[in-house]
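Raw contents of my_file.txt, compact mmCIF, C-alpha atoms:
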# COMPACT_ATOMS: atom_id res chain seq x y z
CA GLY A 503 -10.69 -14.95 3.72
CA GLY A 504 -8.63 -17.11 1.36
CA ILE A 505 -7.16 -14.18 -0.59
CA VAL A 506 -3.45 -13.37 -0.77
CA TYR A 507 -2.43 -9.72 -1.28
CA VAL A 508 0.90 -9.01 -2.95
CA GLY A 509 2.52 -5.72 -3.94
CA ASN A 510 4.94 -5.43 -6.83
CA ARG A 511 7.28 -3.00 -8.49
CA ASP A 512 4.88 -2.98 -11.45
CA ARG A 513 2.90 -0.48 -9.29
CA TYR A 514 0.06 -2.93 -8.63
CA VAL A 515 -1.24 -4.69 -5.57
CA HIS A 516 -2.63 -8.04 -6.68
CA ALA A 517 -5.35 -9.97 -4.86
CA LEU A 518 -5.00 -13.68 -5.62
CA ASP A 519 -7.21 -16.62 -4.73
CA GLY A 520 -5.19 -18.51 -2.10
CA ARG A 521 -6.24 -21.94 -3.44
CA THR A 522 -6.02 -21.45 -7.19
CA GLY A 523 -3.68 -18.48 -7.60
CA GLU A 524 -6.19 -16.83 -9.91
CA LEU A 525 -6.33 -13.04 -9.98
CA VAL A 526 -9.31 -11.64 -8.05
CA TRP A 527 -8.47 -7.96 -8.62
CA LYS A 528 -5.52 -5.61 -8.98
CA PHE A 529 -5.08 -2.00 -7.95
CA GLN A 530 -2.62 0.41 -9.58
CA ALA A 531 -0.73 2.99 -7.49
CA GLU A 532 1.64 5.76 -8.61
CA ASP A 533 4.86 4.00 -7.57
CA TRP A 534 6.15 0.57 -6.57
CA ALA A 535 3.89 -1.20 -4.11
CA PHE A 536 7.07 -2.16 -2.26
CA ALA A 537 5.81 -2.30 1.33
CA SER A 538 3.91 -5.47 2.21
CA PRO A 539 0.16 -4.89 2.31
CA ILE A 540 -1.70 -5.59 5.55
CA VAL A 541 -5.38 -6.43 5.99
CA ALA A 542 -7.56 -5.24 8.87
CA GLY A 543 -11.34 -4.93 9.08
CA GLY A 544 -11.85 -5.81 5.41
CA VAL A 545 -9.41 -3.14 4.23
CA VAL A 546 -6.02 -3.61 2.55
CA TYR A 547 -3.51 -0.95 3.62
CA PHE A 548 -0.25 -0.26 1.82
CA GLY A 549 2.15 2.52 0.91
CA VAL A 550 4.34 3.05 -2.12
CA GLY A 551 7.95 3.95 -2.82
CA SER A 552 10.74 2.61 -5.00
CA LEU A 553 14.36 1.72 -4.37
CA ASP A 554 15.57 4.27 -6.93
CA GLN A 555 16.09 6.82 -4.12
CA SER A 556 13.82 9.36 -5.84
CA GLU A 557 12.42 11.82 -3.35
CA GLY A 558 8.99 13.39 -3.11
CA ALA A 559 5.59 12.72 -1.65
CA ARG A 560 3.99 9.28 -1.92
CA HIS A 561 0.57 7.94 -1.05
CA PHE A 562 -0.62 5.50 1.57
CA TYR A 563 -3.74 3.64 0.40
CA ALA A 564 -6.80 1.98 1.91
CA VAL A 565 -8.47 -0.42 -0.54
CA ASP A 566 -11.55 -2.61 -0.09
CA ALA A 567 -10.23 -6.17 0.45
CA LEU A 568 -13.03 -7.82 -1.56
CA THR A 569 -13.36 -5.47 -4.53
CA GLY A 570 -10.06 -3.60 -4.84
CA GLU A 571 -11.91 -0.28 -4.81
CA GLU A 572 -9.94 2.66 -3.39
CA LEU A 573 -11.51 3.82 -0.12
CA TRP A 574 -9.07 6.65 0.59
CA LYS A 575 -5.46 7.71 0.21
CA PHE A 576 -3.19 9.88 2.32
CA GLN A 577 -0.21 11.85 1.01
CA ALA A 578 2.93 11.19 3.03
CA SER A 579 6.08 13.26 2.87
CA GLY A 580 8.29 10.56 1.32
CA ARG A 581 8.71 6.96 0.22
CA ILE A 582 6.89 4.27 2.23
CA MET A 583 9.15 1.24 2.39
CA ALA A 584 7.81 -0.86 5.29
CA ALA A 585 4.49 -2.48 6.11
CA ALA A 586 2.00 -0.60 8.25
CA CYS A 587 0.45 -1.84 11.48
CA THR A 588 -2.87 -1.21 13.22
CA GLY A 589 -3.89 -0.60 16.81
CA ASP A 590 -6.14 1.57 18.97
CA GLY A 591 -8.33 2.50 15.97
CA ALA A 592 -5.47 3.85 13.84
CA VAL A 593 -3.16 2.70 11.07
CA TYR A 594 0.52 3.45 11.67
CA PHE A 595 3.16 3.76 8.96
CA ALA A 596 6.42 5.59 8.29
CA SER A 597 7.81 7.46 5.30
CA MET A 598 11.43 8.17 4.43
CA ILE A 599 13.13 11.26 3.03
CA GLY A 600 16.83 10.51 2.68
CA ALA A 601 18.02 9.36 6.10
CA ASN A 602 15.08 11.00 7.90
CA GLY A 603 11.51 9.89 8.26
CA THR A 604 8.07 10.60 9.62
CA LEU A 605 5.79 8.30 11.61
CA TYR A 606 2.07 8.68 10.87
CA ALA A 607 -1.05 7.57 12.73
CA VAL A 608 -4.17 7.79 10.55
CA GLU A 609 -7.62 7.24 12.08
Just dump the structure as structure tokens.
Amino acid sequence: GGIVYVGNRDRYVHALDGRTGELVWKFQAEDWAFASPIVAGGVVYFGVGSLDQSEGARHFYAVDALTGEELWKFQASGRIMAAACTGDGAVYFASMIGANGTLYAVE
């Protein structure tokens, strides 16, 4: 749709016009938006977690791709450091706690 979605350690996901680079919207999360956002069905999906090795629950977000409005969020057990993927009507992502992790499938 001509919009580029970029996460940042400033805790925001930015939606930028792909032609002009102008800001369309930005969404603030509770931690670094480190994992690359993905877009499916008009929804931007991304998780948060920083490189500071701090432990604790983090959220995985679903945000409207056109408006930046939060649709829902899911609390994961740890930091989310990699991009999600979609398939079979679900969004799949992993969280890390130390050297261990959990794989989630959210419908």
- prompt: Nearest to Val545 in chain A among A:Val508, A:Val526, A:Leu568, A:Ala531, with distances taken over only C-alpha atoms: which residue is it?
  reply: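 Ranking A:Val508, A:Val526, A:Leu568, A:Ala531 by distance to Val545 in chain A, first place goes to A:Leu568.
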query: Of the candidates A:Asp554, A:Asp512, A:Glu524, A:Glu532, which shows the shortest atom-to-atom distance to Gln577 in chain A, using all atoms listed in the file?
result: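 That would be A:Glu532, the residue with the smallest distance to Gln577 in chain A.
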message: I want to know what sits within 7 Å of Tyr606 in chain A, based on only C-alpha atoms, with residues of the same chain fewer than 4 positions away left out; could you give that as a ChimeraX atom specification?
response: /A:594-596
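Excluding Leu518 in chain A and any residue on its chain fewer than 2 positions from it, the residues at most 9 Å away by all atoms listed in the file are Gly504, Ile505, Val506, Tyr507, Val508, His516, Gly520, Arg521, Thr522, Gly523, Glu524, Leu525, Val526, Trp527 and Lys528 of chain A.
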C-alpha atoms of the current selection, written as a JSON list (two decimals), in the frame of the given file:
[["chain", "number", "residue", "atom", "x", "y", "z"],
["A", 504, "GLY", "CA", -8.63, -17.11, 1.36],
["A", 505, "ILE", "CA", -7.16, -14.18, -0.59],
["A", 506, "VAL", "CA", -3.45, -13.37, -0.77],
["A", 507, "TYR", "CA", -2.43, -9.72, -1.28],
["A", 508, "VAL", "CA", 0.90, -9.01, -2.95],
["A", 516, "HIS", "CA", -2.63, -8.04, -6.68],
["A", 520, "GLY", "CA", -5.19, -18.51, -2.10],
["A", 521, "ARG", "CA", -6.24, -21.94, -3.44],
["A", 522, "THR", "CA", -6.02, -21.45, -7.19],
["A", 523, "GLY", "CA", -3.68, -18.48, -7.60],
["A", 524, "GLU", "CA", -6.19, -16.83, -9.91],
["A", 525, "LEU", "CA", -6.33, -13.04, -9.98],
["A", 526, "VAL", "CA", -9.31, -11.64, -8.05],
["A", 527, "TRP", "CA", -8.47, -7.96, -8.62],
["A", 528, "LYS", "CA", -5.52, -5.61, -8.98]]
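Minimum atom-to-atom distances from A:Ala607, A:Met583, A:Val515, A:Ala564 to Val546 in chain A were compared using only C-alpha atoms, and the lowest value belongs to A:Ala564.
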- request: Could you jot down the CA of Gln530 in chain A to CA of Gly589 in chain A separation for me, Å, one decimal place?
  value: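 Distance between the two atoms: 26.4 Å.
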task: Would you work out the distance separating CA of Phe536 in chain A from CA of Glu571 in chain A, expressed in Å to one decimal?
output: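 One can read the CA of Phe536 in chain A to CA of Glu571 in chain A distance as 19.2 Å.
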message: Could you check the closest approach to Gly591 in chain A for each of A:Leu605, A:Val550, A:Ala542, A:Ala578 and tell me which residue wins, using all atoms listed in the file?
response: A:Ala542
Could you add all heavy atoms to range 516-527 of chain A and give me the result as a PDB file, keeping the file's coordinate frame?
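part_19.pdb, written as the output of this step:
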ATOM      1  N   HIS A 516      -1.843  -6.957  -6.105  1.00  0.00           N
ATOM      2  CA  HIS A 516      -2.630  -8.040  -6.680  1.00  0.00           C
ATOM      3  C   HIS A 516      -3.330  -8.801  -5.570  1.00  0.00           C
ATOM      4  O   HIS A 516      -2.711  -9.107  -4.555  1.00  0.00           O
ATOM      5  CB  HIS A 516      -1.727  -9.012  -7.451  1.00  0.00           C
ATOM      6  CG  HIS A 516      -0.904  -8.363  -8.511  1.00  0.00           C
ATOM      7  ND1 HIS A 516      -1.300  -8.319  -9.810  1.00  0.00           N
ATOM      8  CD2 HIS A 516       0.289  -7.718  -8.443  1.00  0.00           C
ATOM      9  CE1 HIS A 516      -0.382  -7.681 -10.528  1.00  0.00           C
ATOM     10  NE2 HIS A 516       0.591  -7.305  -9.718  1.00  0.00           N
ATOM     11  N   ALA A 517      -4.599  -9.104  -5.764  1.00  0.00           N
ATOM     12  CA  ALA A 517      -5.350  -9.970  -4.860  1.00  0.00           C
ATOM     13  C   ALA A 517      -5.517 -11.308  -5.583  1.00  0.00           C
ATOM     14  O   ALA A 517      -6.095 -11.356  -6.680  1.00  0.00           O
ATOM     15  CB  ALA A 517      -6.707  -9.371  -4.535  1.00  0.00           C
ATOM     16  N   LEU A 518      -4.988 -12.361  -4.989  1.00  0.00           N
ATOM     17  CA  LEU A 518      -5.000 -13.680  -5.620  1.00  0.00           C
ATOM     18  C   LEU A 518      -5.777 -14.673  -4.771  1.00  0.00           C
ATOM     19  O   LEU A 518      -5.683 -14.649  -3.536  1.00  0.00           O
ATOM     20  CB  LEU A 518      -3.568 -14.194  -5.794  1.00  0.00           C
ATOM     21  CG  LEU A 518      -2.605 -13.264  -6.532  1.00  0.00           C
ATOM     22  CD1 LEU A 518      -1.179 -13.787  -6.413  1.00  0.00           C
ATOM     23  CD2 LEU A 518      -3.014 -13.113  -7.974  1.00  0.00           C
ATOM     24  N   ASP A 519      -6.522 -15.543  -5.424  1.00  0.00           N
ATOM     25  CA  ASP A 519      -7.210 -16.620  -4.730  1.00  0.00           C
ATOM     26  C   ASP A 519      -6.145 -17.530  -4.121  1.00  0.00           C
ATOM     27  O   ASP A 519      -5.262 -18.026  -4.842  1.00  0.00           O
ATOM     28  CB  ASP A 519      -8.089 -17.393  -5.710  1.00  0.00           C
ATOM     29  CG  ASP A 519      -8.885 -18.485  -5.035  1.00  0.00           C
ATOM     30  OD1 ASP A 519      -8.261 -19.469  -4.564  1.00  0.00           O
ATOM     31  OD2 ASP A 519     -10.113 -18.370  -4.984  1.00  0.00           O
ATOM     32  N   GLY A 520      -6.196 -17.734  -2.810  1.00  0.00           N
ATOM     33  CA  GLY A 520      -5.190 -18.510  -2.100  1.00  0.00           C
ATOM     34  C   GLY A 520      -5.135 -19.983  -2.491  1.00  0.00           C
ATOM     35  O   GLY A 520      -4.109 -20.628  -2.321  1.00  0.00           O
ATOM     36  N   ARG A 521      -6.209 -20.527  -3.014  1.00  0.00           N
ATOM     37  CA  ARG A 521      -6.240 -21.940  -3.440  1.00  0.00           C
ATOM     38  C   ARG A 521      -5.784 -22.115  -4.871  1.00  0.00           C
ATOM     39  O   ARG A 521      -5.035 -23.036  -5.182  1.00  0.00           O
ATOM     40  CB  ARG A 521      -7.632 -22.514  -3.266  1.00  0.00           C
ATOM     41  CG  ARG A 521      -8.031 -22.782  -1.845  1.00  0.00           C
ATOM     42  CD  ARG A 521      -9.326 -23.597  -1.754  1.00  0.00           C
ATOM     43  NE  ARG A 521     -10.054 -23.676  -2.995  1.00  0.00           N
ATOM     44  CZ  ARG A 521     -11.239 -23.107  -3.235  1.00  0.00           C
ATOM     45  NH1 ARG A 521     -11.842 -22.436  -2.293  1.00  0.00           N
ATOM     46  NH2 ARG A 521     -11.831 -23.233  -4.401  1.00  0.00           N
ATOM     47  N   THR A 522      -6.266 -21.249  -5.756  1.00  0.00           N
ATOM     48  CA  THR A 522      -6.020 -21.450  -7.190  1.00  0.00           C
ATOM     49  C   THR A 522      -4.932 -20.538  -7.756  1.00  0.00           C
ATOM     50  O   THR A 522      -4.408 -20.814  -8.836  1.00  0.00           O
ATOM     51  CB  THR A 522      -7.304 -21.182  -7.994  1.00  0.00           C
ATOM     52  OG1 THR A 522      -7.637 -19.787  -7.883  1.00  0.00           O
ATOM     53  CG2 THR A 522      -8.450 -22.049  -7.499  1.00  0.00           C
ATOM     54  N   GLY A 523      -4.635 -19.443  -7.076  1.00  0.00           N
ATOM     55  CA  GLY A 523      -3.680 -18.480  -7.600  1.00  0.00           C
ATOM     56  C   GLY A 523      -4.258 -17.544  -8.635  1.00  0.00           C
ATOM     57  O   GLY A 523      -3.551 -16.699  -9.174  1.00  0.00           O
ATOM     58  N   GLU A 524      -5.551 -17.681  -8.910  1.00  0.00           N
ATOM     59  CA  GLU A 524      -6.190 -16.830  -9.910  1.00  0.00           C
ATOM     60  C   GLU A 524      -6.327 -15.396  -9.388  1.00  0.00           C
ATOM     61  O   GLU A 524      -6.561 -15.169  -8.203  1.00  0.00           O
ATOM     62  CB  GLU A 524      -7.575 -17.368 -10.273  1.00  0.00           C
ATOM     63  CG  GLU A 524      -7.532 -18.649 -11.062  1.00  0.00           C
ATOM     64  CD  GLU A 524      -8.931 -19.112 -11.468  1.00  0.00           C
ATOM     65  OE1 GLU A 524      -9.792 -18.262 -11.741  1.00  0.00           O
ATOM     66  OE2 GLU A 524      -9.126 -20.335 -11.489  1.00  0.00           O
ATOM     67  N   LEU A 525      -6.201 -14.450 -10.319  1.00  0.00           N
ATOM     68  CA  LEU A 525      -6.330 -13.040  -9.980  1.00  0.00           C
ATOM     69  C   LEU A 525      -7.779 -12.716  -9.635  1.00  0.00           C
ATOM     70  O   LEU A 525      -8.696 -13.014 -10.401  1.00  0.00           O
ATOM     71  CB  LEU A 525      -5.876 -12.178 -11.165  1.00  0.00           C
ATOM     72  CG  LEU A 525      -5.915 -10.669 -10.954  1.00  0.00           C
ATOM     73  CD1 LEU A 525      -4.901 -10.240  -9.910  1.00  0.00           C
ATOM     74  CD2 LEU A 525      -5.655  -9.951 -12.277  1.00  0.00           C
ATOM     75  N   VAL A 526      -7.986 -12.090  -8.475  1.00  0.00           N
ATOM     76  CA  VAL A 526      -9.310 -11.640  -8.050  1.00  0.00           C
ATOM     77  C   VAL A 526      -9.498 -10.183  -8.459  1.00  0.00           C
ATOM     78  O   VAL A 526     -10.515  -9.807  -9.013  1.00  0.00           O
ATOM     79  CB  VAL A 526      -9.486 -11.816  -6.521  1.00  0.00           C
ATOM     80  CG1 VAL A 526     -10.824 -11.273  -6.052  1.00  0.00           C
ATOM     81  CG2 VAL A 526      -9.320 -13.277  -6.122  1.00  0.00           C
ATOM     82  N   TRP A 527      -8.496  -9.351  -8.174  1.00  0.00           N
ATOM     83  CA  TRP A 527      -8.470  -7.960  -8.620  1.00  0.00           C
ATOM     84  C   TRP A 527      -7.046  -7.446  -8.536  1.00  0.00           C
ATOM     85  O   TRP A 527      -6.182  -8.080  -7.928  1.00  0.00           O
ATOM     86  CB  TRP A 527      -9.419  -7.056  -7.826  1.00  0.00           C
ATOM     87  CG  TRP A 527      -9.275  -7.035  -6.328  1.00  0.00           C
ATOM     88  CD1 TRP A 527     -10.077  -7.678  -5.425  1.00  0.00           C
ATOM     89  CD2 TRP A 527      -8.286  -6.329  -5.552  1.00  0.00           C
ATOM     90  NE1 TRP A 527      -9.642  -7.426  -4.143  1.00  0.00           N
ATOM     91  CE2 TRP A 527      -8.553  -6.592  -4.194  1.00  0.00           C
ATOM     92  CE3 TRP A 527      -7.211  -5.515  -5.849  1.00  0.00           C
ATOM     93  CZ2 TRP A 527      -7.778  -6.072  -3.156  1.00  0.00           C
ATOM     94  CZ3 TRP A 527      -6.440  -4.986  -4.816  1.00  0.00           C
ATOM     95  CH2 TRP A 527      -6.743  -5.264  -3.495  1.00  0.00           C
TER      96      TRP A 527
END
